[in-house]
Amino acid sequence: MQKTIDACGKACPIPVILAKKEIDAGVPLFSIQVDNEIAVQNLRRMAENQHYQETVTEVGGVYTVSMRKFGSAESQQDIAPVPVRSVRGVSAGPAGNWAIFAAKDTLGTGDETLGSSLIRMFFYTLAQSEDLPRWIVFMNSGVKLAVSDEQVVAHLKVLQDKGCEILVCGTCLNFYEVQDGLQIGTISNMYDIATCLQKADKVLTL
Amino acid sequence: MDFGVITFVSTHAAIRTQNYLERHLKVSMMPTLREISQGCGISLRFALDMAENVQQRMVKFDLDPQLYSIYRIHVENGKYITERLGPEEPRP
């Protein structure tokens with residue numbers, strides 16, 4: 001019988017950890033219930049990375065994410081191709097194998113207004129550059145850049161179009177209560193973010 | 001594609017102007033081009049079709065004309081060619 005895990009009310013990344021436990025134990029088919037969209041997106045990304053197929057149903061604000069392993073005896077969709085994601089180390093475009101880690105919404109320490117101007121100009125310059133990172137990761141107050149800084153968002157759109165993958169920490173969006181305003185990037189979690197930073201040949205921390 | 005920039009003598013003037021202009025117009029902070037040797041490191045970029053509007057706003061903002069310059073930037077073969085649009089040189 002299919003196992004169902006109740007992760008409603010559990011903060012990120014607990015639902016992902018609970019699902020990962022099942023995956024690590026080799027459970028080919030299970031469901032996990034969560035009560036927010038960020039958790040659903042995190043579970044989707046993990047399913048993709050772990051070669052599971054996920055389907056989501058929502059009733060009264062409770063999302064049931066069914067996870068089914070590709071190639072398992074219980075899978076009815078063995079022929080479904082495993083999606084190739086740039087996060088797994090496959091190039092998404094002309095971007096190099098390096099990452100930018102923006103852990104705050106200003107550049108450097110000192111005056112915040114100056115720091116805010118500097119980070120806008122940094123992303124402007126990066127968007128004009130030929131040497132592009134594969135990943136741009138936003139964490140802690142850095143996530144606010146992808147939410148409310150129109151200038152940085154415009155530069156990030158250019159960078160995304162050029163093949164950069166933009167990952168935004170879901171826990172941080174939730175903490176600052178700005179998840180509804182995210183304008184660009186994919187809501188991500190510590191697993192994916194740590195994997196990117198580990199796989200990158202170099203990480204530029206802002 | 002050609003675009004316009006405002007350059008400034010001081011960083012504080014640049015930041016104050018950006019805070020004012022962004023309430024009325026779409027401007028974007030960028031590092032001052034190497035081709036424009038004078039001024040601080042912060043410039044404001046705008047679309048050329050807004051040039052007149054930008055000039056009017058700058059007059060309204062009442063920033064000392066000696067503290068900023070407005071340029072048209074023409075891009076040719078990856079090089080920037082600058083043309084100063086204003087403000088008029090201050091009277092002696």
# chains A, B, ... in the order shown; residues from 1 in each chain; ligands from 1

$ interface_residues --of "chain B" --to "chain A" --cutoff "9 Å" --atoms "only C-alpha atoms" --output "ChimeraX atom specification"
/B:11-12,15,27-31,42

$ write_last_selection --atoms "all heavy atoms" --output "compact mmCIF listing (two decimals), in the first residue's frame"
# COMPACT_ATOMS: atom_id res chain seq x y z
N THR B 11 29.30 60.74 -5.92
CA THR B 11 28.47 59.55 -5.72
C THR B 11 27.16 59.92 -5.03
O THR B 11 26.10 59.39 -5.35
CB THR B 11 29.24 58.54 -4.83
OG1 THR B 11 30.50 58.33 -5.44
CG2 THR B 11 28.52 57.23 -4.70
N HIS B 12 27.25 60.85 -4.08
CA HIS B 12 26.04 61.25 -3.35
C HIS B 12 25.02 61.90 -4.30
O HIS B 12 23.82 61.66 -4.19
CB HIS B 12 26.40 62.20 -2.20
CG HIS B 12 27.17 61.51 -1.12
ND1 HIS B 12 26.57 60.67 -0.22
CD2 HIS B 12 28.48 61.50 -0.84
CE1 HIS B 12 27.49 60.18 0.60
NE2 HIS B 12 28.66 60.67 0.24
N ILE B 15 23.32 59.11 -6.31
CA ILE B 15 22.33 58.33 -5.57
C ILE B 15 21.07 59.18 -5.30
O ILE B 15 19.94 58.70 -5.44
CB ILE B 15 22.93 57.78 -4.25
CG1 ILE B 15 24.01 56.73 -4.58
CG2 ILE B 15 21.86 57.18 -3.34
CD1 ILE B 15 24.82 56.25 -3.40
N VAL B 27 15.03 54.49 -15.01
CA VAL B 27 16.48 54.66 -15.12
C VAL B 27 17.14 53.46 -14.47
O VAL B 27 16.54 52.77 -13.66
CB VAL B 27 16.97 55.95 -14.43
CG1 VAL B 27 16.52 57.19 -15.16
CG2 VAL B 27 16.55 55.99 -12.97
N SER B 28 18.39 53.24 -14.84
CA SER B 28 19.09 52.08 -14.33
C SER B 28 20.52 52.48 -13.96
O SER B 28 21.18 53.18 -14.73
CB SER B 28 19.09 51.01 -15.42
OG SER B 28 19.77 49.88 -15.00
N MET B 29 20.96 52.08 -12.78
CA MET B 29 22.33 52.41 -12.39
C MET B 29 23.33 51.58 -13.18
O MET B 29 23.09 50.39 -13.41
CB MET B 29 22.54 52.11 -10.92
CG MET B 29 22.05 53.20 -10.02
SD MET B 29 22.59 52.89 -8.33
CE MET B 29 22.27 54.50 -7.62
N MET B 30 24.40 52.19 -13.59
CA MET B 30 25.46 51.44 -14.28
C MET B 30 26.81 52.07 -13.94
O MET B 30 26.86 53.25 -13.55
CB MET B 30 25.24 51.45 -15.80
CG MET B 30 25.32 52.82 -16.43
SD MET B 30 25.23 52.77 -18.23
CE MET B 30 26.93 52.35 -18.63
N PRO B 31 27.88 51.32 -14.07
CA PRO B 31 29.19 51.91 -13.83
C PRO B 31 29.49 52.93 -14.93
O PRO B 31 29.16 52.70 -16.09
CB PRO B 31 30.15 50.72 -13.92
CG PRO B 31 29.32 49.51 -13.96
CD PRO B 31 27.97 49.91 -14.44
N ILE B 42 29.33 56.09 -10.55
CA ILE B 42 27.92 55.72 -10.78
C ILE B 42 27.31 56.61 -11.85
O ILE B 42 27.39 57.83 -11.78
CB ILE B 42 27.09 55.87 -9.48
CG1 ILE B 42 27.67 54.99 -8.37
CG2 ILE B 42 25.63 55.53 -9.73
CD1 ILE B 42 26.95 55.14 -7.03

$ residues_around --residues "Asp180 in chain A" --least-positions-apart "5" --cutoff "12 Å" --atoms "only C-alpha atoms" --output "list in words"
Asn36, Glu37, Ile38, Lys144, Ala146, Val147, Ser148, Gly170, Leu173, Asn174 and Ile187 of chain A

$ select_by_dssp --residues "chain B" --states "strand (DSSP E or B)" --output "compact mmCIF listing (two decimals) with N, CA and C atoms, in the first residue's frame"
# COMPACT_ATOMS: atom_id res chain seq x y z
N PHE B 3 21.92 54.72 -26.25
CA PHE B 3 21.20 55.01 -25.01
C PHE B 3 21.76 56.29 -24.40
N GLY B 4 21.11 56.75 -23.36
CA GLY B 4 21.56 57.97 -22.71
C GLY B 4 22.10 57.67 -21.32
N VAL B 5 23.03 58.50 -20.86
CA VAL B 5 23.50 58.35 -19.47
C VAL B 5 23.63 59.73 -18.83
N ILE B 6 23.46 59.73 -17.53
CA ILE B 6 23.77 60.92 -16.74
C ILE B 6 24.98 60.54 -15.89
N THR B 7 26.00 61.36 -15.93
CA THR B 7 27.17 61.13 -15.08
C THR B 7 27.20 62.22 -14.02
N PHE B 8 27.93 61.96 -12.96
CA PHE B 8 27.91 62.87 -11.81
C PHE B 8 29.32 63.14 -11.30
N SER B 28 18.39 53.24 -14.84
CA SER B 28 19.09 52.08 -14.33
C SER B 28 20.52 52.48 -13.96
N MET B 29 20.96 52.08 -12.78
CA MET B 29 22.33 52.41 -12.39
C MET B 29 23.33 51.58 -13.18
N MET B 30 24.40 52.19 -13.59
CA MET B 30 25.46 51.44 -14.28
C MET B 30 26.81 52.07 -13.94
N PRO B 31 27.88 51.32 -14.07
CA PRO B 31 29.19 51.91 -13.83
C PRO B 31 29.49 52.93 -14.93
N ILE B 42 29.33 56.09 -10.55
CA ILE B 42 27.92 55.72 -10.78
C ILE B 42 27.31 56.61 -11.85
N SER B 43 26.70 55.98 -12.85
CA SER B 43 25.94 56.70 -13.87
C SER B 43 24.51 56.18 -13.87
N LEU B 44 23.62 56.97 -14.44
CA LEU B 44 22.24 56.51 -14.62
C LEU B 44 21.97 56.36 -16.11
N ARG B 45 21.51 55.20 -16.49
CA ARG B 45 21.22 54.93 -17.89
C ARG B 45 19.73 55.13 -18.16
N PHE B 46 19.39 55.66 -19.32
CA PHE B 46 17.97 55.80 -19.69
C PHE B 46 17.82 55.58 -21.20
N TYR B 68 26.64 67.48 -12.83
CA TYR B 68 26.26 66.33 -13.68
C TYR B 68 26.37 66.67 -15.17
N SER B 69 26.41 65.63 -15.98
CA SER B 69 26.37 65.78 -17.44
C SER B 69 25.47 64.70 -18.02
N ILE B 70 24.84 65.06 -19.14
CA ILE B 70 23.99 64.07 -19.82
C ILE B 70 24.64 63.76 -21.17
N TYR B 71 24.74 62.48 -21.49
CA TYR B 71 25.38 62.06 -22.75
C TYR B 71 24.45 61.16 -23.56
N ARG B 72 24.63 61.22 -24.85
CA ARG B 72 24.09 60.20 -25.75
C ARG B 72 25.25 59.24 -26.00
N ILE B 73 24.98 57.95 -25.89
CA ILE B 73 26.03 56.95 -26.11
C ILE B 73 25.68 56.17 -27.38
N HIS B 74 26.56 56.25 -28.34
CA HIS B 74 26.37 55.50 -29.58
C HIS B 74 27.33 54.30 -29.56
N VAL B 75 26.77 53.15 -29.84
CA VAL B 75 27.61 51.95 -29.81
C VAL B 75 27.96 51.56 -31.24
N GLU B 76 29.25 51.47 -31.53
CA GLU B 76 29.69 51.12 -32.87
C GLU B 76 30.84 50.12 -32.78
N LYS B 79 32.35 49.62 -29.56
CA LYS B 79 32.97 50.79 -28.90
C LYS B 79 31.89 51.82 -28.59
N TYR B 80 32.14 52.58 -27.55
CA TYR B 80 31.18 53.61 -27.15
C TYR B 80 31.64 54.98 -27.63
N ILE B 81 30.75 55.66 -28.35
CA ILE B 81 31.06 57.01 -28.79
C ILE B 81 30.12 57.95 -28.02
N THR B 82 30.71 58.92 -27.33
CA THR B 82 29.90 59.75 -26.44
C THR B 82 29.66 61.14 -27.05
N GLU B 83 28.47 61.64 -26.80
CA GLU B 83 28.13 62.99 -27.26
C GLU B 83 27.42 63.69 -26.10
N ARG B 84 27.98 64.80 -25.67
CA ARG B 84 27.39 65.49 -24.51
C ARG B 84 26.13 66.25 -24.93
N LEU B 85 25.04 65.99 -24.20
CA LEU B 85 23.76 66.62 -24.53
C LEU B 85 23.45 67.81 -23.62
N GLY B 86 24.07 67.87 -22.48
CA GLY B 86 23.75 68.95 -21.56
C GLY B 86 24.21 68.61 -20.16

$ atom_distance --atom1 "CA of Thr186 in chain A" --atom2 "CA of Cys172 in chain A"
12.9 Å

$ closest_residue --among "B:Ala14, B:Leu67, B:Met50, B:Gln56" --to "Lys26 in chain B" --atoms "only C-alpha atoms"
B:Met50

$ residues_around --residues "Gly96 in chain A" --least-positions-apart "2" --cutoff "7 Å" --atoms "only C-alpha atoms" --output "PyMOL selection string"
chain A and resi 94+98+131-134

$ write_last_selection --atoms "C-alpha atoms" --output "PDB file, in the first residue's frame"
ATOM      1  CA  PRO A  94      27.244  29.485 -22.886  1.00  0.00           C
ATOM      2  CA  TRP A  98      30.993  28.734 -11.824  1.00  0.00           C
ATOM      3  CA  ASP A 131      31.988  35.458 -18.977  1.00  0.00           C
ATOM      4  CA  LEU A 132      28.801  34.253 -17.334  1.00  0.00           C
ATOM      5  CA  PRO A 133      28.188  32.011 -14.349  1.00  0.00           C
ATOM      6  CA  ARG A 134      26.068  28.894 -14.670  1.00  0.00           C
TER       7      ARG A 134
END

$ atom_distance --atom1 "CA of Glu48 in chain A" --atom2 "CA of Leu126 in chain A"
29.3 Å

$ select_by_dssp --residues "range 153-187 of chain A" --states "alpha helix (DSSP H)" --output "list in words"
Val153, Ala154, His155, Leu156, Lys157, Val158, Leu159, Gln160, Asp161, Gly170, Thr171, Cys172, Leu173, Asn174 and Phe175 of chain A

$ atom_distance --atom1 "CA of Asp64 in chain B" --atom2 "CA of Asp2 in chain B"
26.3 Å

$ residues_around --residues "Arg44 in chain A" --least-positions-apart "4" --cutoff "10 Å" --atoms "only C-alpha atoms" --output "ChimeraX atom specification"
/A:16,38-40,48-50,52-56,65-67

$ write_last_selection --atoms "C-alpha atoms" --output "PDB file, in the first residue's frame"
ATOM      1  CA  VAL A  16      12.141  17.646   1.500  1.00  0.00           C
ATOM      2  CA  ILE A  38       7.180  26.548  -1.793  1.00  0.00           C
ATOM      3  CA  ALA A  39       7.259  23.036  -0.366  1.00  0.00           C
ATOM      4  CA  VAL A  40       5.580  21.749  -3.547  1.00  0.00           C
ATOM      5  CA  GLU A  48      13.403  15.723 -10.877  1.00  0.00           C
ATOM      6  CA  ASN A  49      16.914  15.425  -9.465  1.00  0.00           C
ATOM      7  CA  GLN A  50      16.248  12.019  -7.916  1.00  0.00           C
ATOM      8  CA  TYR A  52      11.155  10.437  -9.530  1.00  0.00           C
ATOM      9  CA  GLN A  53       8.010  11.513 -11.299  1.00  0.00           C
ATOM     10  CA  GLU A  54       5.767  13.715  -9.220  1.00  0.00           C
ATOM     11  CA  THR A  55       2.099  14.554  -9.546  1.00  0.00           C
ATOM     12  CA  VAL A  56       0.388  17.157  -7.439  1.00  0.00           C
ATOM     13  CA  VAL A  65       2.588  15.255  -3.945  1.00  0.00           C
ATOM     14  CA  SER A  66       2.777  11.695  -5.267  1.00  0.00           C
ATOM     15  CA  MET A  67       6.297  10.510  -5.952  1.00  0.00           C
TER      16      MET A  67
END
